[in-house]
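Trainee: data09.txt is the file, holding compact mmCIF, N, CA and C atoms and all ligand atoms:
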```txt
# COMPACT_ATOMS: atom_id res chain seq x y z
N MET A 24 -85.92 -172.64 -33.85
CA MET A 24 -85.51 -171.24 -33.73
C MET A 24 -86.10 -170.66 -32.46
N SER A 25 -85.43 -170.81 -31.39
CA SER A 25 -85.93 -170.22 -30.15
C SER A 25 -84.86 -169.34 -29.53
N ASP A 26 -85.17 -168.09 -29.44
CA ASP A 26 -84.26 -167.18 -28.76
C ASP A 26 -85.01 -166.51 -27.62
N THR A 27 -84.36 -165.58 -26.98
CA THR A 27 -84.97 -164.99 -25.80
C THR A 27 -85.97 -163.89 -26.14
N SER A 28 -85.90 -163.38 -27.36
CA SER A 28 -86.84 -162.34 -27.71
C SER A 28 -88.19 -162.96 -28.01
N ALA A 29 -89.20 -162.37 -27.43
CA ALA A 29 -90.54 -162.93 -27.57
C ALA A 29 -91.17 -162.43 -28.85
N ARG A 30 -90.97 -163.18 -29.87
CA ARG A 30 -91.55 -162.82 -31.15
C ARG A 30 -92.26 -164.02 -31.74
N TYR A 31 -93.24 -163.71 -32.56
CA TYR A 31 -93.88 -164.79 -33.29
C TYR A 31 -93.14 -165.02 -34.59
N GLU A 32 -93.35 -166.17 -35.11
CA GLU A 32 -92.88 -166.43 -36.46
C GLU A 32 -93.74 -165.59 -37.42
N PRO A 33 -93.17 -165.26 -38.58
CA PRO A 33 -93.95 -164.47 -39.55
C PRO A 33 -95.29 -165.11 -39.90
N ALA A 34 -95.31 -166.41 -40.02
CA ALA A 34 -96.58 -167.08 -40.34
C ALA A 34 -97.58 -166.93 -39.21
N GLU A 35 -97.10 -166.93 -37.99
CA GLU A 35 -97.99 -166.77 -36.86
C GLU A 35 -98.54 -165.34 -36.80
N GLU A 36 -97.66 -164.40 -37.07
CA GLU A 36 -98.13 -163.01 -37.10
C GLU A 36 -99.19 -162.81 -38.16
N ARG A 37 -98.98 -163.47 -39.27
CA ARG A 37 -99.95 -163.32 -40.35
C ARG A 37 -101.30 -163.91 -39.95
N ALA A 38 -101.27 -165.02 -39.29
CA ALA A 38 -102.52 -165.65 -38.84
C ALA A 38 -103.24 -164.76 -37.84
N ILE A 39 -102.48 -164.14 -36.96
CA ILE A 39 -103.08 -163.23 -35.98
C ILE A 39 -103.72 -162.04 -36.70
N ARG A 40 -102.99 -161.52 -37.66
CA ARG A 40 -103.49 -160.36 -38.40
C ARG A 40 -104.78 -160.71 -39.15
N GLU A 41 -104.79 -161.86 -39.76
CA GLU A 41 -105.96 -162.26 -40.54
C GLU A 41 -107.18 -162.47 -39.64
N THR A 42 -106.94 -163.04 -38.49
CA THR A 42 -108.03 -163.24 -37.55
C THR A 42 -108.58 -161.90 -37.09
N TYR A 43 -107.68 -160.99 -36.80
CA TYR A 43 -108.10 -159.67 -36.35
C TYR A 43 -108.85 -158.93 -37.44
N ALA A 44 -108.39 -159.09 -38.66
CA ALA A 44 -109.04 -158.41 -39.79
C ALA A 44 -110.45 -158.89 -40.01
N LYS A 45 -110.74 -160.11 -39.56
CA LYS A 45 -112.09 -160.63 -39.70
C LYS A 45 -113.01 -160.14 -38.59
N GLY A 46 -112.45 -159.37 -37.68
CA GLY A 46 -113.26 -158.84 -36.60
C GLY A 46 -113.32 -159.77 -35.40
N GLU A 47 -112.45 -160.76 -35.39
CA GLU A 47 -112.43 -161.68 -34.27
C GLU A 47 -111.23 -161.38 -33.39
N VAL A 48 -111.34 -161.81 -32.16
CA VAL A 48 -110.22 -161.62 -31.25
C VAL A 48 -109.24 -162.77 -31.44
N PRO A 49 -108.02 -162.45 -31.80
CA PRO A 49 -107.06 -163.52 -32.06
C PRO A 49 -106.66 -164.25 -30.79
N LYS A 50 -106.31 -165.49 -30.97
CA LYS A 50 -105.76 -166.27 -29.88
C LYS A 50 -104.30 -166.55 -30.18
N CYS A 51 -103.55 -166.64 -29.12
CA CYS A 51 -102.13 -166.91 -29.28
C CYS A 51 -101.93 -168.28 -29.93
N PRO A 52 -101.17 -168.33 -31.02
CA PRO A 52 -100.94 -169.61 -31.68
C PRO A 52 -100.06 -170.55 -30.85
N ARG A 53 -99.44 -170.02 -29.84
CA ARG A 53 -98.56 -170.86 -29.02
C ARG A 53 -99.30 -171.53 -27.88
N ASP A 54 -100.14 -170.78 -27.21
CA ASP A 54 -100.78 -171.35 -26.03
C ASP A 54 -102.30 -171.16 -26.01
N GLY A 55 -102.84 -170.53 -27.04
CA GLY A 55 -104.29 -170.44 -27.14
C GLY A 55 -104.92 -169.39 -26.26
N ALA A 56 -104.11 -168.56 -25.63
CA ALA A 56 -104.67 -167.51 -24.78
C ALA A 56 -105.29 -166.41 -25.63
N THR A 57 -106.33 -165.82 -25.12
CA THR A 57 -106.95 -164.70 -25.83
C THR A 57 -106.03 -163.50 -25.75
N MET A 58 -105.76 -162.93 -26.91
CA MET A 58 -104.81 -161.84 -26.94
C MET A 58 -105.49 -160.50 -26.65
N THR A 59 -104.69 -159.59 -26.17
CA THR A 59 -105.17 -158.25 -25.86
C THR A 59 -104.77 -157.31 -26.98
N ALA A 60 -105.72 -156.54 -27.46
CA ALA A 60 -105.45 -155.61 -28.54
C ALA A 60 -105.35 -154.20 -28.00
N ARG A 61 -104.32 -153.52 -28.42
CA ARG A 61 -104.19 -152.11 -28.07
C ARG A 61 -103.95 -151.31 -29.33
N SER A 62 -104.51 -150.15 -29.36
CA SER A 62 -104.28 -149.28 -30.49
C SER A 62 -103.10 -148.37 -30.19
N ILE A 63 -102.27 -148.21 -31.16
CA ILE A 63 -101.10 -147.34 -30.99
C ILE A 63 -101.25 -146.15 -31.92
N GLY A 64 -100.84 -145.04 -31.43
CA GLY A 64 -100.81 -143.85 -32.27
C GLY A 64 -102.21 -143.46 -32.71
N GLY A 65 -102.38 -143.31 -33.98
CA GLY A 65 -103.68 -142.92 -34.47
C GLY A 65 -103.91 -141.43 -34.33
N GLY A 66 -102.87 -140.70 -33.98
CA GLY A 66 -102.99 -139.25 -33.92
C GLY A 66 -103.25 -138.70 -35.30
N SER A 67 -103.89 -137.58 -35.34
CA SER A 67 -104.21 -137.02 -36.65
C SER A 67 -103.10 -136.09 -37.09
N PHE A 68 -102.33 -136.54 -38.03
CA PHE A 68 -101.26 -135.70 -38.57
C PHE A 68 -101.82 -134.79 -39.64
N GLY A 69 -102.81 -135.29 -40.30
CA GLY A 69 -103.42 -134.50 -41.36
C GLY A 69 -104.76 -135.11 -41.66
N LEU A 70 -105.58 -134.38 -42.32
CA LEU A 70 -106.91 -134.89 -42.58
C LEU A 70 -106.87 -136.10 -43.48
N GLY A 71 -107.57 -137.09 -43.07
CA GLY A 71 -107.72 -138.26 -43.92
C GLY A 71 -106.51 -139.17 -43.97
N TYR A 72 -105.51 -138.84 -43.23
CA TYR A 72 -104.35 -139.71 -43.29
C TYR A 72 -103.83 -139.99 -41.90
N SER A 73 -104.65 -140.60 -41.12
CA SER A 73 -104.16 -141.00 -39.81
C SER A 73 -103.84 -142.49 -39.85
N ARG A 74 -102.63 -142.77 -39.53
CA ARG A 74 -102.19 -144.14 -39.59
C ARG A 74 -102.41 -144.78 -38.23
N LYS A 75 -102.87 -145.99 -38.26
CA LYS A 75 -103.20 -146.66 -37.03
C LYS A 75 -102.48 -147.99 -36.96
N ARG A 76 -102.07 -148.31 -35.78
CA ARG A 76 -101.42 -149.59 -35.59
C ARG A 76 -102.10 -150.34 -34.47
N GLU A 77 -102.09 -151.62 -34.60
CA GLU A 77 -102.63 -152.47 -33.55
C GLU A 77 -101.50 -153.28 -32.94
N TRP A 78 -101.57 -153.36 -31.66
CA TRP A 78 -100.56 -154.10 -30.93
C TRP A 78 -101.28 -155.24 -30.21
N LEU A 79 -101.02 -156.45 -30.63
CA LEU A 79 -101.67 -157.60 -30.02
C LEU A 79 -100.69 -158.29 -29.09
N ILE A 80 -101.11 -158.45 -27.88
CA ILE A 80 -100.22 -159.00 -26.86
C ILE A 80 -100.84 -160.26 -26.26
N CYS A 81 -100.03 -161.26 -26.11
CA CYS A 81 -100.48 -162.45 -25.40
C CYS A 81 -100.14 -162.29 -23.93
N PRO A 82 -101.14 -162.38 -23.06
CA PRO A 82 -100.89 -162.19 -21.63
C PRO A 82 -100.16 -163.37 -20.99
N THR A 83 -100.13 -164.47 -21.69
CA THR A 83 -99.53 -165.66 -21.10
C THR A 83 -98.04 -165.76 -21.40
N CYS A 84 -97.70 -165.72 -22.67
CA CYS A 84 -96.29 -165.89 -23.02
C CYS A 84 -95.62 -164.56 -23.35
N ARG A 85 -96.39 -163.50 -23.33
CA ARG A 85 -95.84 -162.15 -23.49
C ARG A 85 -95.32 -161.87 -24.89
N ARG A 86 -95.66 -162.72 -25.81
CA ARG A 86 -95.29 -162.39 -27.17
C ARG A 86 -96.24 -161.32 -27.69
N SER A 87 -95.77 -160.56 -28.64
CA SER A 87 -96.63 -159.52 -29.18
C SER A 87 -96.38 -159.36 -30.67
N ALA A 88 -97.38 -158.84 -31.31
CA ALA A 88 -97.28 -158.60 -32.74
C ALA A 88 -97.86 -157.22 -33.02
N ILE A 89 -97.12 -156.44 -33.79
CA ILE A 89 -97.59 -155.11 -34.16
C ILE A 89 -97.79 -155.07 -35.65
N PHE A 90 -98.90 -154.52 -36.04
CA PHE A 90 -99.11 -154.38 -37.47
C PHE A 90 -99.95 -153.16 -37.78
N ASP A 91 -99.81 -152.68 -38.98
CA ASP A 91 -100.56 -151.52 -39.41
C ASP A 91 -101.99 -151.92 -39.76
N VAL A 92 -102.88 -151.03 -39.47
CA VAL A 92 -104.27 -151.24 -39.83
C VAL A 92 -104.66 -150.20 -40.84
N LYS A 93 -105.12 -150.64 -41.94
CA LYS A 93 -105.60 -149.70 -42.94
C LYS A 93 -107.08 -149.55 -42.77
N ARG A 94 -107.51 -148.35 -42.63
CA ARG A 94 -108.91 -148.12 -42.40
C ARG A 94 -109.57 -147.65 -43.68
N GLY A 95 -110.83 -147.98 -43.77
CA GLY A 95 -111.59 -147.50 -44.91
C GLY A 95 -111.43 -148.36 -46.15
N THR A 96 -110.72 -149.44 -46.02
CA THR A 96 -110.62 -150.33 -47.17
C THR A 96 -111.39 -151.60 -46.88
N ARG A 97 -112.27 -151.89 -47.74
CA ARG A 97 -113.04 -153.13 -47.59
C ARG A 97 -112.73 -154.04 -48.73
N THR A 98 -112.52 -155.24 -48.41
CA THR A 98 -112.25 -156.19 -49.49
C THR A 98 -113.37 -157.22 -49.55
ZN ZN B 101 -99.00 -166.89 -25.91
```
Please express what this file holds, its structure, as structure tokens.
Mentor:
Amino acid sequence: MSDTSARYEPAEERAIRETYAKGEVPKCPRDGATMTARSIGGGSFGLGYSRKREWLICPTCRRSAIFDVKRGTRT
């Protein structure tokens, strides 16, 4: 499954998310490059309910993964 849109497979996105959730910097599952994390949004719409997203980008292959970050939950 290779098309022109630079997307990860769902399993790859999940691996990236899990790595990030552990407090580690994820590496691209395709080429092993260290990914760049950017925070998106995070504006305060209301008290206690600011939604935050992380955007992880691979500088090498330009694939990216966006996912929501839930704050204040510890497992
Ligand atoms: Zn990559």
Trainee: Please, which residues in chain A fall within 8 Å of ligand ZN 101 (chain B) when counting all atoms listed in the file, and what is the closest atom pair and distance in Å to one decimal for each, ordered by chain then residue number, as CSV?
Mentor:
```
residue,atom,partner,partner_atom,distance
A:Lys50,C,B:ZN101,ZN,6.8
A:Cys51,CA,B:ZN101,ZN,4.6
A:Pro52,N,B:ZN101,ZN,5.7
A:Arg53,N,B:ZN101,ZN,5.0
A:Asp54,N,B:ZN101,ZN,4.3
A:Gly55,N,B:ZN101,ZN,5.4
A:Ala56,N,B:ZN101,ZN,5.4
A:Thr57,N,B:ZN101,ZN,7.4
A:Met58,CA,B:ZN101,ZN,7.8
A:Ile80,C,B:ZN101,ZN,6.9
A:Cys81,CA,B:ZN101,ZN,4.7
A:Pro82,N,B:ZN101,ZN,5.7
A:Thr83,C,B:ZN101,ZN,4.7
A:Cys84,N,B:ZN101,ZN,3.7
A:Arg85,N,B:ZN101,ZN,5.0
A:Arg86,N,B:ZN101,ZN,5.3
A:Ser87,N,B:ZN101,ZN,7.6
```
Trainee: Got time to write the residues from that selection, N, CA and C atoms, as a compact mmCIF listing (two decimals), in the coordinates of the input?
Mentor:
```
# COMPACT_ATOMS: atom_id res chain seq x y z
N LYS A 50 -106.31 -165.49 -30.97
CA LYS A 50 -105.76 -166.27 -29.88
C LYS A 50 -104.30 -166.55 -30.18
N CYS A 51 -103.55 -166.64 -29.12
CA CYS A 51 -102.13 -166.91 -29.28
C CYS A 51 -101.93 -168.28 -29.93
N PRO A 52 -101.17 -168.33 -31.02
CA PRO A 52 -100.94 -169.61 -31.68
C PRO A 52 -100.06 -170.55 -30.85
N ARG A 53 -99.44 -170.02 -29.84
CA ARG A 53 -98.56 -170.86 -29.02
C ARG A 53 -99.30 -171.53 -27.88
N ASP A 54 -100.14 -170.78 -27.21
CA ASP A 54 -100.78 -171.35 -26.03
C ASP A 54 -102.30 -171.16 -26.01
N GLY A 55 -102.84 -170.53 -27.04
CA GLY A 55 -104.29 -170.44 -27.14
C GLY A 55 -104.92 -169.39 -26.26
N ALA A 56 -104.11 -168.56 -25.63
CA ALA A 56 -104.67 -167.51 -24.78
C ALA A 56 -105.29 -166.41 -25.63
N THR A 57 -106.33 -165.82 -25.12
CA THR A 57 -106.95 -164.70 -25.83
C THR A 57 -106.03 -163.50 -25.75
N MET A 58 -105.76 -162.93 -26.91
CA MET A 58 -104.81 -161.84 -26.94
C MET A 58 -105.49 -160.50 -26.65
N ILE A 80 -101.11 -158.45 -27.88
CA ILE A 80 -100.22 -159.00 -26.86
C ILE A 80 -100.84 -160.26 -26.26
N CYS A 81 -100.03 -161.26 -26.11
CA CYS A 81 -100.48 -162.45 -25.40
C CYS A 81 -100.14 -162.29 -23.93
N PRO A 82 -101.14 -162.38 -23.06
CA PRO A 82 -100.89 -162.19 -21.63
C PRO A 82 -100.16 -163.37 -20.99
N THR A 83 -100.13 -164.47 -21.69
CA THR A 83 -99.53 -165.66 -21.10
C THR A 83 -98.04 -165.76 -21.40
N CYS A 84 -97.70 -165.72 -22.67
CA CYS A 84 -96.29 -165.89 -23.02
C CYS A 84 -95.62 -164.56 -23.35
N ARG A 85 -96.39 -163.50 -23.33
CA ARG A 85 -95.84 -162.15 -23.49
C ARG A 85 -95.32 -161.87 -24.89
N ARG A 86 -95.66 -162.72 -25.81
CA ARG A 86 -95.29 -162.39 -27.17
C ARG A 86 -96.24 -161.32 -27.69
N SER A 87 -95.77 -160.56 -28.64
CA SER A 87 -96.63 -159.52 -29.18
C SER A 87 -96.38 -159.36 -30.67
```
Trainee: In Å to one decimal, how far is atom C of A:Glu35 from atom CA of A:Pro49?
Mentor: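 Spanning atom CA of A:Pro49 to atom C of A:Glu35 is a straight-line distance of 9.9 Å.
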Trainee: For atom C of A:Ile89 and atom N of A:Glu32, quote the distance in Å rounded to one decimal.
Mentor: 12.0 Å
Trainee: Return the single residue from A:Ala44, A:Ala29, A:Ala88, A:Ile63 that is closest to A:Lys75, with distances computed using all atoms listed in the file.
Mentor: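 Looking only at the distances to A:Lys75, the closest residue turns out to be A:Ile63.
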Trainee: Just to confirm, what's the straight-line distance from atom CA of A:Ala38 to atom CA of A:Gly64 in Å (one decimal)?
Mentor: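 Atom CA of A:Gly64 lies 22.8 Å from atom CA of A:Ala38.
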Trainee: For A:Phe90, list every protein, DNA or RNA residue within 8 Å, evaluated using only N, CA and C atoms, and leave out those in the same chain fewer than 3 positions away; present the list as an MDAnalysis selection string.
Mentor: chainID A and resid 40 75:79 87 93
